[in-house]
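The file entry20.cif comes next; it holds mmCIF, C-alpha atoms.
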```
data_entry
loop_
_atom_site.label_atom_id
_atom_site.label_comp_id
_atom_site.auth_asym_id
_atom_site.auth_seq_id
_atom_site.Cartn_x
_atom_site.Cartn_y
_atom_site.Cartn_z
CA MET A 8 -56.97 -12.34 -26.17
CA ASN A 9 -54.97 -15.18 -24.62
CA ASN A 10 -54.17 -14.23 -21.00
CA THR A 11 -51.32 -16.71 -20.66
CA ILE A 12 -47.92 -15.26 -21.54
CA ILE A 13 -44.97 -17.56 -22.20
CA LEU A 14 -41.70 -16.49 -20.58
CA TYR A 15 -38.32 -16.98 -22.28
CA ASP A 16 -35.40 -15.98 -20.06
CA GLN A 17 -32.08 -16.13 -21.92
CA LYS A 18 -28.43 -15.51 -21.06
CA ILE A 19 -25.94 -15.08 -23.90
CA SER A 20 -22.55 -16.19 -22.65
CA SER A 21 -20.22 -16.36 -25.64
CA ASN A 22 -19.32 -15.09 -29.08
CA LYS A 23 -20.85 -18.12 -30.81
CA ASP A 24 -24.29 -17.32 -29.33
CA MET A 25 -24.41 -13.65 -30.28
CA LEU A 26 -26.86 -14.07 -33.20
CA VAL A 27 -29.22 -16.25 -31.14
CA PRO A 28 -31.55 -13.56 -29.68
CA PHE A 29 -32.38 -12.06 -33.08
CA SER A 30 -32.78 -15.51 -34.63
CA ASP A 31 -35.19 -16.30 -31.80
CA THR A 32 -37.05 -13.05 -32.52
CA GLY A 33 -37.87 -14.17 -36.07
CA ALA A 34 -38.99 -17.61 -34.89
CA ILE A 35 -41.04 -16.26 -31.96
CA LEU A 36 -42.82 -13.79 -34.26
CA LYS A 37 -43.87 -16.67 -36.51
CA PHE A 38 -45.01 -18.76 -33.53
CA VAL A 39 -47.04 -15.88 -32.02
CA SER A 40 -48.60 -15.05 -35.40
CA GLU A 41 -49.72 -18.63 -35.99
CA ASN A 42 -50.76 -19.53 -32.43
CA HIS A 43 -52.16 -16.20 -31.14
CA GLN A 44 -50.01 -16.68 -28.04
CA PRO A 45 -48.17 -13.79 -26.32
CA VAL A 46 -44.50 -14.32 -25.37
CA ILE A 47 -42.08 -12.21 -23.33
CA HIS A 48 -38.35 -12.64 -23.96
CA PHE A 49 -35.60 -11.34 -21.67
CA TRP A 50 -31.93 -11.51 -22.60
CA VAL A 51 -28.57 -10.29 -21.33
CA THR A 52 -25.24 -10.35 -23.21
CA PRO A 53 -21.51 -10.05 -22.62
CA PRO A 54 -20.05 -6.67 -23.76
CA THR A 55 -21.38 -6.33 -27.32
CA VAL A 56 -22.18 -3.58 -29.81
CA ILE A 57 -25.30 -4.34 -31.84
CA LEU A 58 -25.22 -2.35 -35.07
CA GLY A 59 -28.26 -1.27 -37.08
CA MET A 60 -28.58 -1.44 -40.85
CA GLN A 61 -27.88 2.29 -41.15
CA ASP A 62 -24.46 1.78 -39.54
CA LYS A 63 -23.33 -0.20 -42.59
CA ARG A 64 -23.23 3.11 -44.47
CA LEU A 65 -20.63 4.73 -42.21
CA ASN A 66 -17.72 6.06 -44.27
CA ASN A 67 -14.95 4.45 -42.24
CA LEU A 68 -16.72 1.48 -40.62
CA GLN A 69 -13.61 -0.72 -40.74
CA SER A 70 -11.71 1.54 -38.33
CA GLY A 71 -14.66 1.64 -35.93
CA LEU A 72 -14.90 -2.16 -35.89
CA ASP A 73 -11.15 -2.42 -35.32
CA MET A 74 -11.53 -0.13 -32.30
CA LEU A 75 -14.33 -2.31 -30.87
CA SER A 76 -12.18 -5.43 -31.31
CA GLU A 77 -9.24 -3.75 -29.57
CA LYS A 78 -11.49 -2.98 -26.60
CA ASP A 79 -12.72 -6.63 -26.50
CA TYR A 80 -16.28 -5.90 -27.55
CA LEU A 81 -18.21 -8.36 -29.68
CA PHE A 82 -20.18 -6.75 -32.50
CA TYR A 83 -22.75 -7.82 -35.04
CA LEU A 84 -25.33 -6.42 -37.41
CA ARG A 85 -28.99 -6.97 -36.55
CA ASN A 86 -31.59 -7.50 -39.26
CA SER A 87 -33.44 -4.23 -38.65
CA GLY A 88 -32.95 -0.52 -39.13
CA GLY A 89 -31.73 2.11 -36.75
CA LEU A 90 -28.35 2.71 -35.18
CA GLY A 91 -25.98 0.95 -32.79
CA VAL A 92 -26.37 0.19 -29.09
CA VAL A 93 -23.92 -1.30 -26.60
CA THR A 94 -25.11 -4.10 -24.32
CA ASP A 95 -23.46 -5.87 -21.40
CA GLU A 96 -24.36 -7.56 -18.11
CA GLY A 97 -26.02 -4.36 -16.85
CA ILE A 98 -28.41 -4.03 -19.78
CA LEU A 99 -31.75 -5.87 -19.82
CA ASN A 100 -33.21 -6.52 -23.25
CA CYS A 101 -36.94 -7.16 -23.12
CA SER A 102 -39.14 -8.13 -26.08
CA LEU A 103 -42.92 -8.38 -25.80
CA PHE A 104 -44.53 -10.41 -28.61
CA LEU A 105 -48.23 -9.87 -29.21
CA PRO A 106 -50.62 -11.44 -31.75
CA ASP A 107 -53.25 -9.69 -33.88
CA LYS A 108 -50.94 -6.88 -34.95
CA ASP A 109 -53.54 -5.53 -37.37
CA ASN A 110 -55.57 -4.45 -34.33
CA LEU A 111 -52.51 -2.80 -32.78
CA GLN A 112 -51.30 0.36 -34.50
CA ILE A 113 -47.60 1.22 -34.36
CA ASP A 114 -47.97 3.91 -31.69
CA ASP A 115 -50.33 1.69 -29.67
CA ALA A 116 -47.69 -1.06 -29.61
CA TYR A 117 -45.06 1.39 -28.37
CA GLU A 118 -47.48 2.61 -25.71
CA LYS A 119 -47.92 -0.94 -24.40
CA MET A 120 -44.19 -1.23 -23.65
CA TYR A 121 -44.07 2.31 -22.26
CA SER A 122 -46.99 1.54 -19.94
CA LEU A 123 -45.43 -1.77 -18.86
CA LEU A 124 -42.11 -0.14 -17.91
CA LYS A 125 -43.78 2.85 -16.28
CA GLN A 126 -45.84 0.55 -14.05
CA ALA A 127 -42.77 -1.56 -13.29
CA PHE A 128 -40.36 1.23 -12.37
CA SER A 129 -41.70 4.79 -11.97
CA ASP A 130 -44.52 7.09 -12.99
CA LYS A 131 -41.82 9.73 -13.62
CA ILE A 132 -40.84 7.97 -16.86
CA SER A 133 -41.59 10.01 -19.97
CA THR A 134 -41.21 9.41 -23.71
CA GLY A 135 -39.61 11.54 -26.41
CA GLU A 136 -36.41 11.54 -28.40
CA ILE A 137 -33.19 12.25 -26.48
CA ILE A 138 -31.27 13.63 -29.45
CA ASN A 139 -27.74 13.39 -28.06
CA SER A 140 -28.05 9.78 -26.88
CA TYR A 141 -26.89 6.82 -28.93
CA CYS A 142 -29.63 5.26 -31.08
CA PRO A 143 -32.05 8.16 -30.46
CA GLY A 144 -35.72 7.54 -31.24
CA THR A 145 -39.23 8.90 -30.74
CA TYR A 146 -39.91 6.37 -27.99
CA ASP A 147 -36.81 6.91 -25.90
CA LEU A 148 -37.68 6.55 -22.22
CA SER A 149 -36.20 9.02 -19.76
CA ILE A 150 -36.45 10.38 -16.23
CA ASN A 151 -35.68 14.07 -15.71
CA GLY A 152 -34.39 14.31 -19.28
CA GLN A 153 -31.88 11.44 -19.02
CA LYS A 154 -32.51 8.43 -21.23
CA PHE A 155 -32.32 4.92 -19.77
CA ALA A 156 -34.19 2.93 -22.45
CA GLY A 157 -35.10 2.86 -26.10
CA ILE A 158 -37.97 1.02 -27.78
CA SER A 159 -38.23 -0.42 -31.28
CA GLN A 160 -40.63 -2.82 -32.92
CA ARG A 161 -40.70 -5.44 -35.63
CA ARG A 162 -43.79 -6.80 -37.40
CA ALA A 163 -44.21 -10.06 -39.29
CA GLY A 164 -47.24 -12.13 -40.21
CA ASN A 165 -49.94 -11.19 -37.73
CA ALA A 166 -47.60 -10.51 -34.79
CA VAL A 167 -45.59 -7.62 -33.43
CA ALA A 168 -42.45 -7.62 -31.28
CA ILE A 169 -41.98 -4.52 -29.12
CA MET A 170 -38.34 -4.50 -28.02
CA ALA A 171 -36.89 -2.45 -25.17
CA TYR A 172 -33.21 -1.84 -24.42
CA ILE A 173 -33.02 -0.95 -20.71
CA SER A 174 -29.88 0.37 -18.95
CA ILE A 175 -30.23 -1.05 -15.44
CA ASN A 176 -26.77 -0.61 -13.90
CA GLY A 177 -23.06 -0.49 -14.75
CA ASN A 178 -20.93 2.25 -16.29
CA GLN A 179 -23.28 4.17 -18.58
CA LYS A 180 -20.76 6.93 -19.29
CA LYS A 181 -18.30 4.27 -20.49
CA ARG A 182 -20.97 2.87 -22.83
CA SER A 183 -21.74 6.34 -24.16
CA GLN A 184 -18.03 7.10 -24.60
CA LEU A 185 -17.57 3.85 -26.53
CA MET A 186 -20.39 4.71 -28.94
CA ARG A 187 -19.19 8.31 -29.23
CA ASP A 188 -15.68 7.08 -30.15
CA PHE A 189 -17.16 4.51 -32.54
CA TYR A 190 -19.12 7.14 -34.49
CA GLU A 191 -16.29 9.67 -34.48
CA ILE A 192 -13.92 7.07 -35.94
CA SER A 193 -16.40 5.33 -38.27
CA ASN A 194 -18.00 8.49 -39.64
CA PHE A 195 -14.83 10.25 -40.74
CA PRO A 196 -15.09 12.04 -43.07
CA LYS A 197 -18.67 12.94 -42.12
CA HIS A 198 -21.42 11.28 -44.16
CA GLN A 199 -23.07 13.83 -46.45
CA ARG A 200 -26.58 12.31 -46.42
CA ILE A 201 -26.96 10.60 -43.03
CA SER A 202 -26.78 12.33 -39.67
CA TYR A 203 -25.15 10.05 -37.09
CA PRO A 204 -25.53 10.86 -33.38
CA ASP A 205 -23.39 13.51 -31.71
CA ILE A 206 -23.34 11.75 -28.34
CA ASP A 207 -23.41 13.73 -25.08
CA LEU A 208 -21.97 11.61 -22.24
CA GLY A 209 -24.59 13.02 -19.86
CA ALA A 210 -27.62 12.26 -22.06
CA MET A 211 -28.06 8.73 -20.70
CA GLU A 212 -28.10 7.24 -17.21
CA ASN A 213 -28.81 3.90 -15.57
CA LEU A 214 -32.17 3.16 -14.03
CA ASP A 215 -30.65 2.35 -10.64
CA SER A 216 -29.11 5.85 -10.48
CA LEU A 217 -32.28 7.55 -11.71
CA LEU A 218 -34.36 5.71 -9.10
CA ASN A 219 -31.61 6.21 -6.49
CA LYS A 220 -31.66 2.58 -5.35
CA PRO A 221 -29.78 -0.64 -6.16
CA LEU A 222 -31.31 -2.61 -9.03
CA SER A 223 -30.07 -5.76 -10.78
CA THR A 224 -31.19 -7.02 -14.19
CA ALA A 225 -32.84 -10.00 -12.43
CA GLN A 226 -34.76 -7.67 -10.09
CA ALA A 227 -35.80 -5.47 -13.03
CA GLU A 228 -37.05 -8.52 -14.91
CA GLN A 229 -39.09 -9.63 -11.91
CA LYS A 230 -40.66 -6.16 -11.59
CA ILE A 231 -41.83 -6.38 -15.21
CA ILE A 232 -43.19 -9.89 -14.65
CA ASN A 233 -45.03 -8.67 -11.52
CA VAL A 234 -46.79 -6.00 -13.59
CA LEU A 235 -47.94 -8.65 -16.07
CA ILE A 236 -49.28 -10.73 -13.18
CA ASP A 237 -51.05 -7.65 -11.76
CA ASN A 238 -52.60 -7.18 -15.20
CA LYS A 239 -54.09 -10.70 -15.00
CA TYR A 240 -51.54 -12.52 -17.14
CA GLU A 241 -50.65 -16.06 -16.12
CA ILE A 242 -46.88 -16.59 -16.58
CA ASN A 243 -45.91 -19.90 -18.19
CA ARG A 244 -42.24 -20.61 -17.48
CA GLU A 245 -42.02 -24.14 -18.93
CA GLU A 246 -43.73 -24.10 -22.32
CA PHE A 247 -41.10 -22.20 -24.29
CA PHE A 248 -38.57 -25.02 -24.16
CA ILE A 249 -41.12 -27.38 -25.74
CA ILE A 250 -41.91 -24.80 -28.45
CA GLN A 251 -38.21 -24.16 -29.07
CA ASN A 252 -37.63 -27.82 -29.93
CA SER A 253 -40.58 -28.09 -32.32
CA LEU A 254 -39.92 -28.46 -36.05
CA PRO A 255 -41.77 -25.26 -37.14
CA TYR A 256 -39.80 -23.21 -34.59
CA ARG A 257 -36.45 -24.71 -35.62
CA GLU A 258 -37.20 -24.06 -39.30
CA ALA A 259 -38.13 -20.40 -38.64
CA TYR A 260 -35.12 -19.97 -36.35
CA ASN A 261 -32.71 -21.43 -38.92
CA HIS A 262 -34.19 -19.26 -41.69
CA THR A 263 -33.58 -16.09 -39.66
CA LEU A 264 -30.14 -17.28 -38.51
CA THR A 265 -29.06 -17.98 -42.10
CA ASP A 266 -30.06 -14.44 -43.09
CA LEU A 267 -28.18 -12.94 -40.12
CA ILE A 268 -25.04 -14.98 -40.86
CA LYS A 269 -25.17 -13.78 -44.47
CA ARG A 270 -25.49 -10.14 -43.38
CA ASN A 271 -22.68 -10.44 -40.87
CA LYS A 272 -20.44 -12.33 -43.27
CA THR A 273 -20.80 -9.38 -45.65
CA LEU A 274 -19.98 -7.01 -42.80
CA LEU A 275 -16.84 -8.92 -41.86
CA GLU A 276 -15.77 -9.23 -45.50
CA GLU A 277 -16.13 -5.48 -45.91
CA LYS A 278 -14.12 -5.08 -42.70
#
```

Represent the supplied structure as structure tokens.
Amino acid sequence: MNNTIILYDQKISSNKDMLVPFSDTGAILKFVSENHQPVIHFWVTPPTVILGMQDKRLNNLQSGLDMLSEKDYLFYLRNSGGLGVVTDEGILNCSLFLPDKDNLQIDDAYEKMYSLLKQAFSDKISTGEIINSYCPGTYDLSINGQKFAGISQRRAGNAVAIMAYISINGNQKKRSQLMRDFYEISNFPKHQRISYPDIDLGAMENLDSLLNKPLSTAQAEQKIINVLIDNKYEINREEFFIIQNSLPYREAYNHTLTDLIKRNKTLLEEK
């Protein structure tokens, strides 16, 4: 396996850029599949709610979206399943792209991200669904029963993206309250076939609080990079910008972006 890993460090600063990270995900998957080259992608956003495909089926989604707008949150629909998460300047999104997915079973891919974050932050981190969190999943990461991260993955071609949502700092109770209000408003009357989360404001906590020490998203990112270096990866910080401007990348990016715009246009029309 290629022991060079290409680093893509991204900051989303405005409404017009909000579909960029997921458009990049589609293009990076294609690049990794074709070039057998690992990539790690970090990104941070302004206050935003990222909805999953299942959220489109909420009975009263329009009212929930109106509430998010009133509170000055951006929102959009990602092109994958699951439920909504709220991101802001205190949340680090980290995606690890690996080639040869056929040799990496689904659980093995999750374990790679779990191991990476455990080495970076604490051996007290455990996995398992935190039911009363927002976007609960089998590979929620927690310390002492409080969730600070969730992991998902996406597969395309011969590559896999393992994506972690990591609460580093900020007001986690406010985030949980926002998502609790969103589901209470959007899922009224209650959906008969889909169980949306009943969010407990104490189910999630920030990593800085759980570790009992100050931690910024930049410091968290560097800790993850340090683990990769310790595991004999060479970090390439320049190559991604060359790749990003190549014709194959732009074509794959635009294809994914077009699909996302179409999905979100539908969402806004329904709104």

Between atom CA of Phe189 of chain A and atom CA of Cys101 of chain A, what is the distance, to one decimal in Å?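 So the answer is 24.8 Å.
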
Go ahead and compute the interatomic distance for atom CA of Asp237 of chain A and atom CA of Leu99 of chain A, in Å to one decimal. 21.0 Å

Which polymer residues, whether protein, DNA or RNA, lie within 12 Å of the coordinate (-41.1, -18.6, -22.4) when you count all atoms listed in the file? List them as JSON, numbers by chain, using the chain letters and numbers from the file. {"A": [11, 12, 13, 14, 15, 16, 17, 31, 35, 38, 39, 44, 45, 46, 47, 48, 49, 50, 102, 103, 104, 232, 241, 242, 243, 244, 245, 246, 247, 248, 249, 250, 251]}

Export of the given selection (C-alpha atoms) as a PDB file, in the frame of the given file:
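File produced: selection-v9.pdb:
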```
ATOM      1  CA  THR A  11     -51.320 -16.710 -20.660  1.00  0.00           C
ATOM      2  CA  ILE A  12     -47.920 -15.260 -21.540  1.00  0.00           C
ATOM      3  CA  ILE A  13     -44.970 -17.560 -22.200  1.00  0.00           C
ATOM      4  CA  LEU A  14     -41.700 -16.490 -20.580  1.00  0.00           C
ATOM      5  CA  TYR A  15     -38.320 -16.980 -22.280  1.00  0.00           C
ATOM      6  CA  ASP A  16     -35.400 -15.980 -20.060  1.00  0.00           C
ATOM      7  CA  GLN A  17     -32.080 -16.130 -21.920  1.00  0.00           C
ATOM      8  CA  ASP A  31     -35.190 -16.300 -31.800  1.00  0.00           C
ATOM      9  CA  ILE A  35     -41.040 -16.260 -31.960  1.00  0.00           C
ATOM     10  CA  PHE A  38     -45.010 -18.760 -33.530  1.00  0.00           C
ATOM     11  CA  VAL A  39     -47.040 -15.880 -32.020  1.00  0.00           C
ATOM     12  CA  GLN A  44     -50.010 -16.680 -28.040  1.00  0.00           C
ATOM     13  CA  PRO A  45     -48.170 -13.790 -26.320  1.00  0.00           C
ATOM     14  CA  VAL A  46     -44.500 -14.320 -25.370  1.00  0.00           C
ATOM     15  CA  ILE A  47     -42.080 -12.210 -23.330  1.00  0.00           C
ATOM     16  CA  HIS A  48     -38.350 -12.640 -23.960  1.00  0.00           C
ATOM     17  CA  PHE A  49     -35.600 -11.340 -21.670  1.00  0.00           C
ATOM     18  CA  TRP A  50     -31.930 -11.510 -22.600  1.00  0.00           C
ATOM     19  CA  SER A 102     -39.140  -8.130 -26.080  1.00  0.00           C
ATOM     20  CA  LEU A 103     -42.920  -8.380 -25.800  1.00  0.00           C
ATOM     21  CA  PHE A 104     -44.530 -10.410 -28.610  1.00  0.00           C
ATOM     22  CA  ILE A 232     -43.190  -9.890 -14.650  1.00  0.00           C
ATOM     23  CA  GLU A 241     -50.650 -16.060 -16.120  1.00  0.00           C
ATOM     24  CA  ILE A 242     -46.880 -16.590 -16.580  1.00  0.00           C
ATOM     25  CA  ASN A 243     -45.910 -19.900 -18.190  1.00  0.00           C
ATOM     26  CA  ARG A 244     -42.240 -20.610 -17.480  1.00  0.00           C
ATOM     27  CA  GLU A 245     -42.020 -24.140 -18.930  1.00  0.00           C
ATOM     28  CA  GLU A 246     -43.730 -24.100 -22.320  1.00  0.00           C
ATOM     29  CA  PHE A 247     -41.100 -22.200 -24.290  1.00  0.00           C
ATOM     30  CA  PHE A 248     -38.570 -25.020 -24.160  1.00  0.00           C
ATOM     31  CA  ILE A 249     -41.120 -27.380 -25.740  1.00  0.00           C
ATOM     32  CA  ILE A 250     -41.910 -24.800 -28.450  1.00  0.00           C
ATOM     33  CA  GLN A 251     -38.210 -24.160 -29.070  1.00  0.00           C
TER      34      GLN A 251
END
```

Could you tell me which residues the PyMOL selection byres ((chain A and resi 152) around 9) returns for this structure, as an NGL selection string? :A and (133 or 137 or 148-151 or 153-154 or 210-211)

Atoms kept (C-alpha atoms) for selection, written as a JSON list (two decimals), keeping the file's coordinate frame:
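And here is the file that came out, again21.json:
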```
[["chain", "number", "residue", "atom", "x", "y", "z"],
["A", 133, "SER", "CA", -41.59, 10.01, -19.97],
["A", 137, "ILE", "CA", -33.19, 12.25, -26.48],
["A", 148, "LEU", "CA", -37.68, 6.55, -22.22],
["A", 149, "SER", "CA", -36.20, 9.02, -19.76],
["A", 150, "ILE", "CA", -36.45, 10.38, -16.23],
["A", 151, "ASN", "CA", -35.68, 14.07, -15.71],
["A", 153, "GLN", "CA", -31.88, 11.44, -19.02],
["A", 154, "LYS", "CA", -32.51, 8.43, -21.23],
["A", 210, "ALA", "CA", -27.62, 12.26, -22.06],
["A", 211, "MET", "CA", -28.06, 8.73, -20.70]]
```

As a check of understanding, name the residues that the PyMOL selection byres ((chain A and resi 157) around 7) selects in the supplied structure, as number ranges by chain. A: 144, 146-148, 156, 158-159, 171-173

Separating atom CA of Asn178 of chain A from atom CA of Glu212 of chain A, to the nearest tenth of an Å, is a gap of 8.8 Å

From A:Pro255, A:Pro196, A:Gly177, A:Pro28, residue lying nearest Asn100 of chain A [all atoms listed in the file]: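 Among A:Pro255, A:Pro196, A:Gly177, A:Pro28, it is A:Pro28 that comes nearest to Asn100 of chain A.
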